[in-house]
Amino acid sequence: MARKAKGKIIVIVGPNASGKSDLALKIAKKVNGEIISADSRQVYRGMDIGTGKITRKEMLGVPHHLLDIASPKSDFNVSHFKKSAQKKIVEITKRGKVPIIVGGTGFWIDALIYDWPIPEVGPNRALRARLEKLTAMQLFARLQKIDTGHAKNIDHHNKRRLIRALEIAATTGKPVPEFNFAYKYNHVNKQHEIGGQEYGFLVLGLKLPQKELVRKIHSRLLKWLKTGMLKEIKKLHRSGVSWKRLDSFGLEYRYGSRYLHNLISYDEMVDQTYRAIRKYAKRQMTWFKRNPQIHWIKNQNEATGLLKKLF
RNA sequence: GGGGGUGUACUCAAGCAGUCAACGAGGGCAGACUGUAAAUCUGCUGGCCUUGUGCCUACGUAGGUGCAAAUCCUACCGCCCCCA
């Protein structure tokens, strides 16, 4: 029985400032690849310095996808990402090149490479605004009435999640389908179809010693502050991105904008941003740690060694 | 020199006799995560262990009064403010 040749995809994950972009570039050169960014903030135009976005020059001719594809005034969410990335994977493969997915947004990456079924229910702003007025307890009570399965597992205090669950139930008339841990990482057995083609994934996790990571986070932040991070945020605001929206982007954009409209001092801004990035890196690791399929590496050499062996 | 205030866990800060190993916030540590995911949310945070209506050590220091004190009294030490 003739089978189509299996496509190969390299995935590079890791926390903020761990050096994913550099590693991806090296690997891309080596395997003739193109890079697909999986970063929930780098998709936005005008958010460059604060997101650590690679510059055109730094790309060294390697194509990078899914950068600067959305306006910071509009939403670009997992669902958009999954569809766009799948399309890019097909295109890149057709060109005879290797897709390399690189990013720190664990949720997006897993939705893509493990083909998580994101419910086909888009955001309903009116409904969200209405539900937002209720307390978490009230939301949970409502959810329990219509959704007996998922409601049990959802965090009773997390309004955002409760509202989303209610949103899905309201539109589909059905509760949110449950999936367990085994499903999360094993149901596709490291490979599945995208656009009729079967793919296998090699997932690399970049992990630096804690001290080194923290040092890199710090020096990177100082460098960005020197090279116009605040100017960038000011520009975004002038172009119509609200302080509230900037706040919701988190990290540099959150504390930078709080400083720019005088909620906090400059020193507080630097300090709080630095702390927030460290916490974020921690949260990223918490996410990645539970994935048993990640091959953890400390540097580029280990990566190339693994590639030779497994790819 | 006279008068007033204040000293609480890593930090800020409540408590002002019993229900206090001590509210709350920050920080730290750990975790969750099904169309906002750099977001959102949860737990723990004096020590010890047999993890318990358990033991020990603790609210500037030293004494004292109470059955009982972070809480009251005395002295001392440090800091702050006002008058001289």
# chains A, B, ... in the order shown; residues from 1 in each chain; ligands from 1
call {"tool": "interface_residues", "arguments": {"of": "chain A", "to": "chain B", "cutoff": "10 Å", "atoms": "only C-alpha atoms (C1' of nucleotides)", "output": "JSON, numbers by chain"}}
result
{"A": [16, 39, 40, 41, 51, 75, 76, 77, 78, 79, 80, 81, 104, 105, 106, 107, 108, 111, 116, 117, 118, 119, 120, 121, 122, 123, 150, 154, 155, 156, 157, 158, 159, 160, 161, 164, 165, 168, 176, 177, 178, 179, 184, 247, 248, 249, 250, 251, 252, 253, 254, 275, 276, 277, 280, 281, 283, 284, 286, 287]}
call {"tool": "write_last_selection", "arguments": {"atoms": "C-alpha atoms", "output": "PDB file, in the first residue's frame"}}
result
ATOM      1  CA  ASN A  16      11.022  34.130  27.187  1.00  0.00           C
ATOM      2  CA  ASP A  39       3.967  34.083  19.599  1.00  0.00           C
ATOM      3  CA  SER A  40       0.706  35.673  20.633  1.00  0.00           C
ATOM      4  CA  ARG A  41       2.151  39.171  20.713  1.00  0.00           C
ATOM      5  CA  THR A  51       8.094  41.543  22.007  1.00  0.00           C
ATOM      6  CA  ASP A  75      -7.956  40.329  18.137  1.00  0.00           C
ATOM      7  CA  PHE A  76      -5.904  37.488  16.838  1.00  0.00           C
ATOM      8  CA  ASN A  77      -6.562  34.356  18.852  1.00  0.00           C
ATOM      9  CA  VAL A  78      -5.705  30.660  18.958  1.00  0.00           C
ATOM     10  CA  SER A  79      -8.246  29.818  16.366  1.00  0.00           C
ATOM     11  CA  HIS A  80      -6.819  32.285  13.872  1.00  0.00           C
ATOM     12  CA  PHE A  81      -3.372  31.080  14.705  1.00  0.00           C
ATOM     13  CA  GLY A 104       6.604  30.670  23.680  1.00  0.00           C
ATOM     14  CA  THR A 105       2.832  30.605  23.576  1.00  0.00           C
ATOM     15  CA  GLY A 106       2.276  27.063  24.754  1.00  0.00           C
ATOM     16  CA  PHE A 107      -1.461  27.078  24.319  1.00  0.00           C
ATOM     17  CA  TRP A 108      -1.200  28.067  20.676  1.00  0.00           C
ATOM     18  CA  ALA A 111      -3.528  23.562  19.793  1.00  0.00           C
ATOM     19  CA  TRP A 116      -6.720  20.330  19.831  1.00  0.00           C
ATOM     20  CA  PRO A 117     -10.350  20.739  18.876  1.00  0.00           C
ATOM     21  CA  ILE A 118     -11.026  24.401  19.549  1.00  0.00           C
ATOM     22  CA  PRO A 119     -14.823  24.751  19.688  1.00  0.00           C
ATOM     23  CA  GLU A 120     -16.125  26.514  16.581  1.00  0.00           C
ATOM     24  CA  VAL A 121     -17.619  29.295  18.615  1.00  0.00           C
ATOM     25  CA  GLY A 122     -16.250  32.774  18.117  1.00  0.00           C
ATOM     26  CA  PRO A 123     -16.247  35.485  20.729  1.00  0.00           C
ATOM     27  CA  HIS A 150     -16.770  20.428  31.933  1.00  0.00           C
ATOM     28  CA  ILE A 154     -13.277  24.491  35.333  1.00  0.00           C
ATOM     29  CA  ASP A 155     -11.833  26.840  37.919  1.00  0.00           C
ATOM     30  CA  HIS A 156     -14.767  28.233  39.915  1.00  0.00           C
ATOM     31  CA  HIS A 157     -13.005  31.541  40.371  1.00  0.00           C
ATOM     32  CA  ASN A 158     -11.819  32.140  36.857  1.00  0.00           C
ATOM     33  CA  LYS A 159     -14.440  34.377  35.320  1.00  0.00           C
ATOM     34  CA  ARG A 160     -12.809  34.398  31.950  1.00  0.00           C
ATOM     35  CA  ARG A 161     -12.989  30.631  31.641  1.00  0.00           C
ATOM     36  CA  ARG A 164     -16.132  31.220  27.695  1.00  0.00           C
ATOM     37  CA  ALA A 165     -17.746  27.952  28.734  1.00  0.00           C
ATOM     38  CA  ILE A 168     -19.907  27.901  23.995  1.00  0.00           C
ATOM     39  CA  VAL A 176     -17.873  21.904  26.300  1.00  0.00           C
ATOM     40  CA  PRO A 177     -16.559  18.451  25.354  1.00  0.00           C
ATOM     41  CA  GLU A 178     -14.029  17.095  27.800  1.00  0.00           C
ATOM     42  CA  PHE A 179     -10.600  15.821  26.967  1.00  0.00           C
ATOM     43  CA  LYS A 184      -3.877  16.250  25.200  1.00  0.00           C
ATOM     44  CA  ASP A 247      -2.446  46.865  29.598  1.00  0.00           C
ATOM     45  CA  SER A 248      -4.057  43.652  28.453  1.00  0.00           C
ATOM     46  CA  PHE A 249      -0.992  42.785  26.381  1.00  0.00           C
ATOM     47  CA  GLY A 250       0.889  42.387  29.646  1.00  0.00           C
ATOM     48  CA  LEU A 251       4.569  42.644  30.561  1.00  0.00           C
ATOM     49  CA  GLU A 252       6.429  45.471  28.806  1.00  0.00           C
ATOM     50  CA  TYR A 253       3.248  46.904  27.336  1.00  0.00           C
ATOM     51  CA  ARG A 254       1.317  46.738  30.585  1.00  0.00           C
ATOM     52  CA  ARG A 275       9.380  40.732  37.862  1.00  0.00           C
ATOM     53  CA  ALA A 276       6.443  40.100  35.574  1.00  0.00           C
ATOM     54  CA  ILE A 277       8.677  38.706  32.843  1.00  0.00           C
ATOM     55  CA  TYR A 280       5.814  34.720  32.934  1.00  0.00           C
ATOM     56  CA  ALA A 281       8.863  32.617  32.114  1.00  0.00           C
ATOM     57  CA  ARG A 283       4.368  30.055  33.837  1.00  0.00           C
ATOM     58  CA  GLN A 284       5.680  29.080  30.438  1.00  0.00           C
ATOM     59  CA  THR A 286       4.895  25.135  34.017  1.00  0.00           C
ATOM     60  CA  TRP A 287       3.025  24.630  30.789  1.00  0.00           C
TER      61      TRP A 287
END
call {"tool": "select_by_dssp", "arguments": {"residues": "segment 235-280 of chain A", "states": "alpha helix (DSSP H)", "output": "ChimeraX atom specification"}}
result
/A:235-238,243-249,251-260,266-280
call {"tool": "residues_around", "arguments": {"residues": "segment 218-230 of chain A", "least_positions_apart": "6", "cutoff": "12 Å", "atoms": "only C-alpha atoms (C1' of nucleotides)", "output": "ChimeraX atom specification"}}
result
/A:16-19,46-53,211-212,236-237,246,251-261,266-267,269-278
call {"tool": "write_last_selection", "arguments": {"atoms": "C-alpha atoms", "output": "mmCIF file, in the first residue's frame"}}
result
data_model
loop_
_atom_site.group_PDB
_atom_site.id
_atom_site.type_symbol
_atom_site.label_atom_id
_atom_site.label_comp_id
_atom_site.auth_asym_id
_atom_site.auth_seq_id
_atom_site.Cartn_x
_atom_site.Cartn_y
_atom_site.Cartn_z
ATOM 1 C CA ASN A 16 11.022 34.130 27.187
ATOM 2 C CA ALA A 17 14.652 35.078 26.470
ATOM 3 C CA SER A 18 15.896 31.513 26.205
ATOM 4 C CA GLY A 19 17.242 32.054 22.702
ATOM 5 C CA GLY A 46 4.034 47.839 15.658
ATOM 6 C CA MET A 47 4.835 45.627 18.607
ATOM 7 C CA ASP A 48 8.487 44.986 17.884
ATOM 8 C CA ILE A 49 10.920 45.990 20.592
ATOM 9 C CA GLY A 50 8.727 44.951 23.511
ATOM 10 C CA THR A 51 8.094 41.543 22.007
ATOM 11 C CA GLY A 52 11.687 40.911 21.065
ATOM 12 C CA LYS A 53 10.689 40.484 17.445
ATOM 13 C CA LYS A 211 20.299 32.137 36.911
ATOM 14 C CA GLU A 212 21.331 32.565 33.340
ATOM 15 C CA LEU A 236 0.967 52.534 19.589
ATOM 16 C CA HIS A 237 -1.180 54.625 21.882
ATOM 17 C CA LEU A 246 -1.985 47.962 26.012
ATOM 18 C CA LEU A 251 4.569 42.644 30.561
ATOM 19 C CA GLU A 252 6.429 45.471 28.806
ATOM 20 C CA TYR A 253 3.248 46.904 27.336
ATOM 21 C CA ARG A 254 1.317 46.738 30.585
ATOM 22 C CA TYR A 255 3.855 48.410 32.843
ATOM 23 C CA GLY A 256 5.258 50.632 30.114
ATOM 24 C CA SER A 257 1.854 52.113 29.473
ATOM 25 C CA ARG A 258 1.111 52.432 33.182
ATOM 26 C CA TYR A 259 4.271 54.504 33.455
ATOM 27 C CA LEU A 260 3.412 56.555 30.392
ATOM 28 C CA HIS A 261 0.107 57.666 31.805
ATOM 29 C CA TYR A 266 9.930 54.936 36.097
ATOM 30 C CA ASP A 267 11.708 52.797 38.667
ATOM 31 C CA MET A 269 7.917 50.348 35.910
ATOM 32 C CA VAL A 270 11.332 48.785 35.374
ATOM 33 C CA ASP A 271 11.058 46.729 38.529
ATOM 34 C CA GLN A 272 7.536 45.488 37.918
ATOM 35 C CA THR A 273 8.220 44.655 34.304
ATOM 36 C CA TYR A 274 11.291 42.671 35.215
ATOM 37 C CA ARG A 275 9.380 40.732 37.862
ATOM 38 C CA ALA A 276 6.443 40.100 35.574
ATOM 39 C CA ILE A 277 8.677 38.706 32.843
ATOM 40 C CA ARG A 278 10.303 36.334 35.299
#
call {"tool": "residues_around", "arguments": {"residues": "U61 of chain B", "least_positions_apart": "3", "cutoff": "12 Å", "atoms": "only C-alpha atoms (C1' of nucleotides)", "output": "list in words"}}
result
G7, A75, C76, C77 and G78 of chain B
call {"tool": "write_last_selection", "arguments": {"atoms": "N, CA and C atoms (P, O5', C5', C4', C3', O3' and C1' of nucleotides)", "output": "PDB file, in the first residue's frame"}}
result
ATOM      1  P     G B   7       3.971  50.560  66.148  1.00  0.00           P
ATOM      2  O5'   G B   7       5.459  50.013  66.031  1.00  0.00           O
ATOM      3  C5'   G B   7       6.055  49.708  64.749  1.00  0.00           C
ATOM      4  C4'   G B   7       7.531  49.471  64.980  1.00  0.00           C
ATOM      5  C3'   G B   7       7.876  48.078  65.499  1.00  0.00           C
ATOM      6  O3'   G B   7       8.704  47.368  64.578  1.00  0.00           O
ATOM      7  C1'   G B   7       8.882  49.811  66.806  1.00  0.00           C
ATOM      8  P     A B  75       9.052  54.326  83.579  1.00  0.00           P
ATOM      9  O5'   A B  75      10.429  53.548  83.322  1.00  0.00           O
ATOM     10  C5'   A B  75      11.393  53.449  84.374  1.00  0.00           C
ATOM     11  C4'   A B  75      12.467  52.474  83.972  1.00  0.00           C
ATOM     12  C3'   A B  75      13.161  52.789  82.651  1.00  0.00           C
ATOM     13  O3'   A B  75      14.169  53.767  82.808  1.00  0.00           O
ATOM     14  C1'   A B  75      12.574  50.507  82.696  1.00  0.00           C
ATOM     15  P     C B  76      14.489  54.758  81.617  1.00  0.00           P
ATOM     16  O5'   C B  76      15.260  53.784  80.616  1.00  0.00           O
ATOM     17  C5'   C B  76      16.521  53.218  81.007  1.00  0.00           C
ATOM     18  C4'   C B  76      16.919  52.115  80.047  1.00  0.00           C
ATOM     19  C3'   C B  76      17.040  52.535  78.588  1.00  0.00           C
ATOM     20  O3'   C B  76      18.286  53.167  78.314  1.00  0.00           O
ATOM     21  C1'   C B  76      15.819  50.525  78.712  1.00  0.00           C
ATOM     22  P     C B  77      18.302  54.337  77.210  1.00  0.00           P
ATOM     23  O5'   C B  77      18.316  53.483  75.858  1.00  0.00           O
ATOM     24  C5'   C B  77      19.386  52.581  75.575  1.00  0.00           C
ATOM     25  C4'   C B  77      19.089  51.800  74.320  1.00  0.00           C
ATOM     26  C3'   C B  77      18.696  52.649  73.119  1.00  0.00           C
ATOM     27  O3'   C B  77      19.807  53.224  72.451  1.00  0.00           O
ATOM     28  C1'   C B  77      17.189  50.848  73.329  1.00  0.00           C
ATOM     29  P     G B  78      19.575  54.660  71.756  1.00  0.00           P
ATOM     30  O5'   G B  78      18.717  54.276  70.463  1.00  0.00           O
ATOM     31  C5'   G B  78      19.308  53.471  69.439  1.00  0.00           C
ATOM     32  C4'   G B  78      18.285  53.166  68.378  1.00  0.00           C
ATOM     33  C3'   G B  78      17.636  54.381  67.725  1.00  0.00           C
ATOM     34  O3'   G B  78      18.458  54.961  66.731  1.00  0.00           O
ATOM     35  C1'   G B  78      15.997  52.743  68.220  1.00  0.00           C
TER      36        G B  78
END
call {"tool": "select_by_dssp", "arguments": {"residues": "segment 21-270 of chain A", "states": "strand (DSSP E or B)", "output": "count of residues only"}}
result
28
call {"tool": "residues_around", "arguments": {"residues": "C79 of chain B", "least_positions_apart": "4", "cutoff": "12 Å", "atoms": "only C-alpha atoms (C1' of nucleotides)", "output": "PyMOL selection string"}}
result
chain B and resi 5-7+60
call {"tool": "residues_around", "arguments": {"residues": "Leu206 of chain A", "least_positions_apart": "4", "cutoff": "8 Å", "atoms": "only C-alpha atoms (C1' of nucleotides)", "output": "MDAnalysis selection string"}}
result
chainID A and resid 12:15 18:20 296:299
call {"tool": "write_last_selection", "arguments": {"atoms": "C-alpha atoms", "output": "compact mmCIF listing (two decimals), in the first residue's frame"}}
result
# COMPACT_ATOMS: atom_id res chain seq x y z
CA ILE A 12 11.05 24.82 19.25
CA VAL A 13 9.57 25.89 22.55
CA GLY A 14 10.97 27.52 25.68
CA PRO A 15 10.54 30.48 27.94
CA SER A 18 15.90 31.51 26.20
CA GLY A 19 17.24 32.05 22.70
CA LYS A 20 14.61 30.29 20.60
CA TRP A 296 14.86 19.22 26.49
CA ILE A 297 18.12 20.79 25.39
CA LYS A 298 20.46 23.36 26.86
CA ASN A 299 22.12 24.74 23.78
call {"tool": "closest_residue", "arguments": {"among": "B:C29, B:C59, B:C80, B:C48", "to": "C16 of chain B", "atoms": "only C-alpha atoms (C1' of nucleotides)"}}
result
B:C59
call {"tool": "atom_distance", "arguments": {"atom1": "atom CA of Ile217 of chain A", "atom2": "atom CA of Val102 of chain A"}}
result
18.3 Å
call {"tool": "residues_around", "arguments": {"residues": "Gly7 of chain A", "least_positions_apart": "3", "cutoff": "7 Å", "atoms": "only C-alpha atoms (C1' of nucleotides)", "output": "list in words"}}
result
Glu198, Tyr199 and Gly200 of chain A
call {"tool": "write_last_selection", "arguments": {"atoms": "N, CA and C atoms", "output": "JSON list (two decimals), in the first residue's frame"}}
result
[["chain", "number", "residue", "atom", "x", "y", "z"],
["A", 198, "GLU", "N", 0.33, 13.75, 6.05],
["A", 198, "GLU", "CA", 0.66, 13.30, 7.40],
["A", 198, "GLU", "C", 1.99, 13.90, 7.86],
["A", 199, "TYR", "N", 2.04, 14.32, 9.09],
["A", 199, "TYR", "CA", 3.26, 14.95, 9.59],
["A", 199, "TYR", "C", 3.77, 14.30, 10.88],
["A", 200, "GLY", "N", 5.05, 14.30, 11.03],
["A", 200, "GLY", "CA", 5.64, 13.91, 12.30],
["A", 200, "GLY", "C", 6.31, 15.13, 12.90]]
call {"tool": "atom_distance", "arguments": {"atom1": "atom CA of Ser37 of chain A", "atom2": "atom CA of Ala182 of chain A"}}
result
26.4 Å
call {"tool": "atom_distance", "arguments": {"atom1": "atom C1' of C67 of chain B", "atom2": "atom C1' of U53 of chain B"}}
result
20.9 Å
call {"tool": "closest_residue", "arguments": {"among": "B:C82, B:C49, B:A68, B:C56", "to": "G18 of chain B", "atoms": "only C-alpha atoms (C1' of nucleotides)"}}
result
B:A68
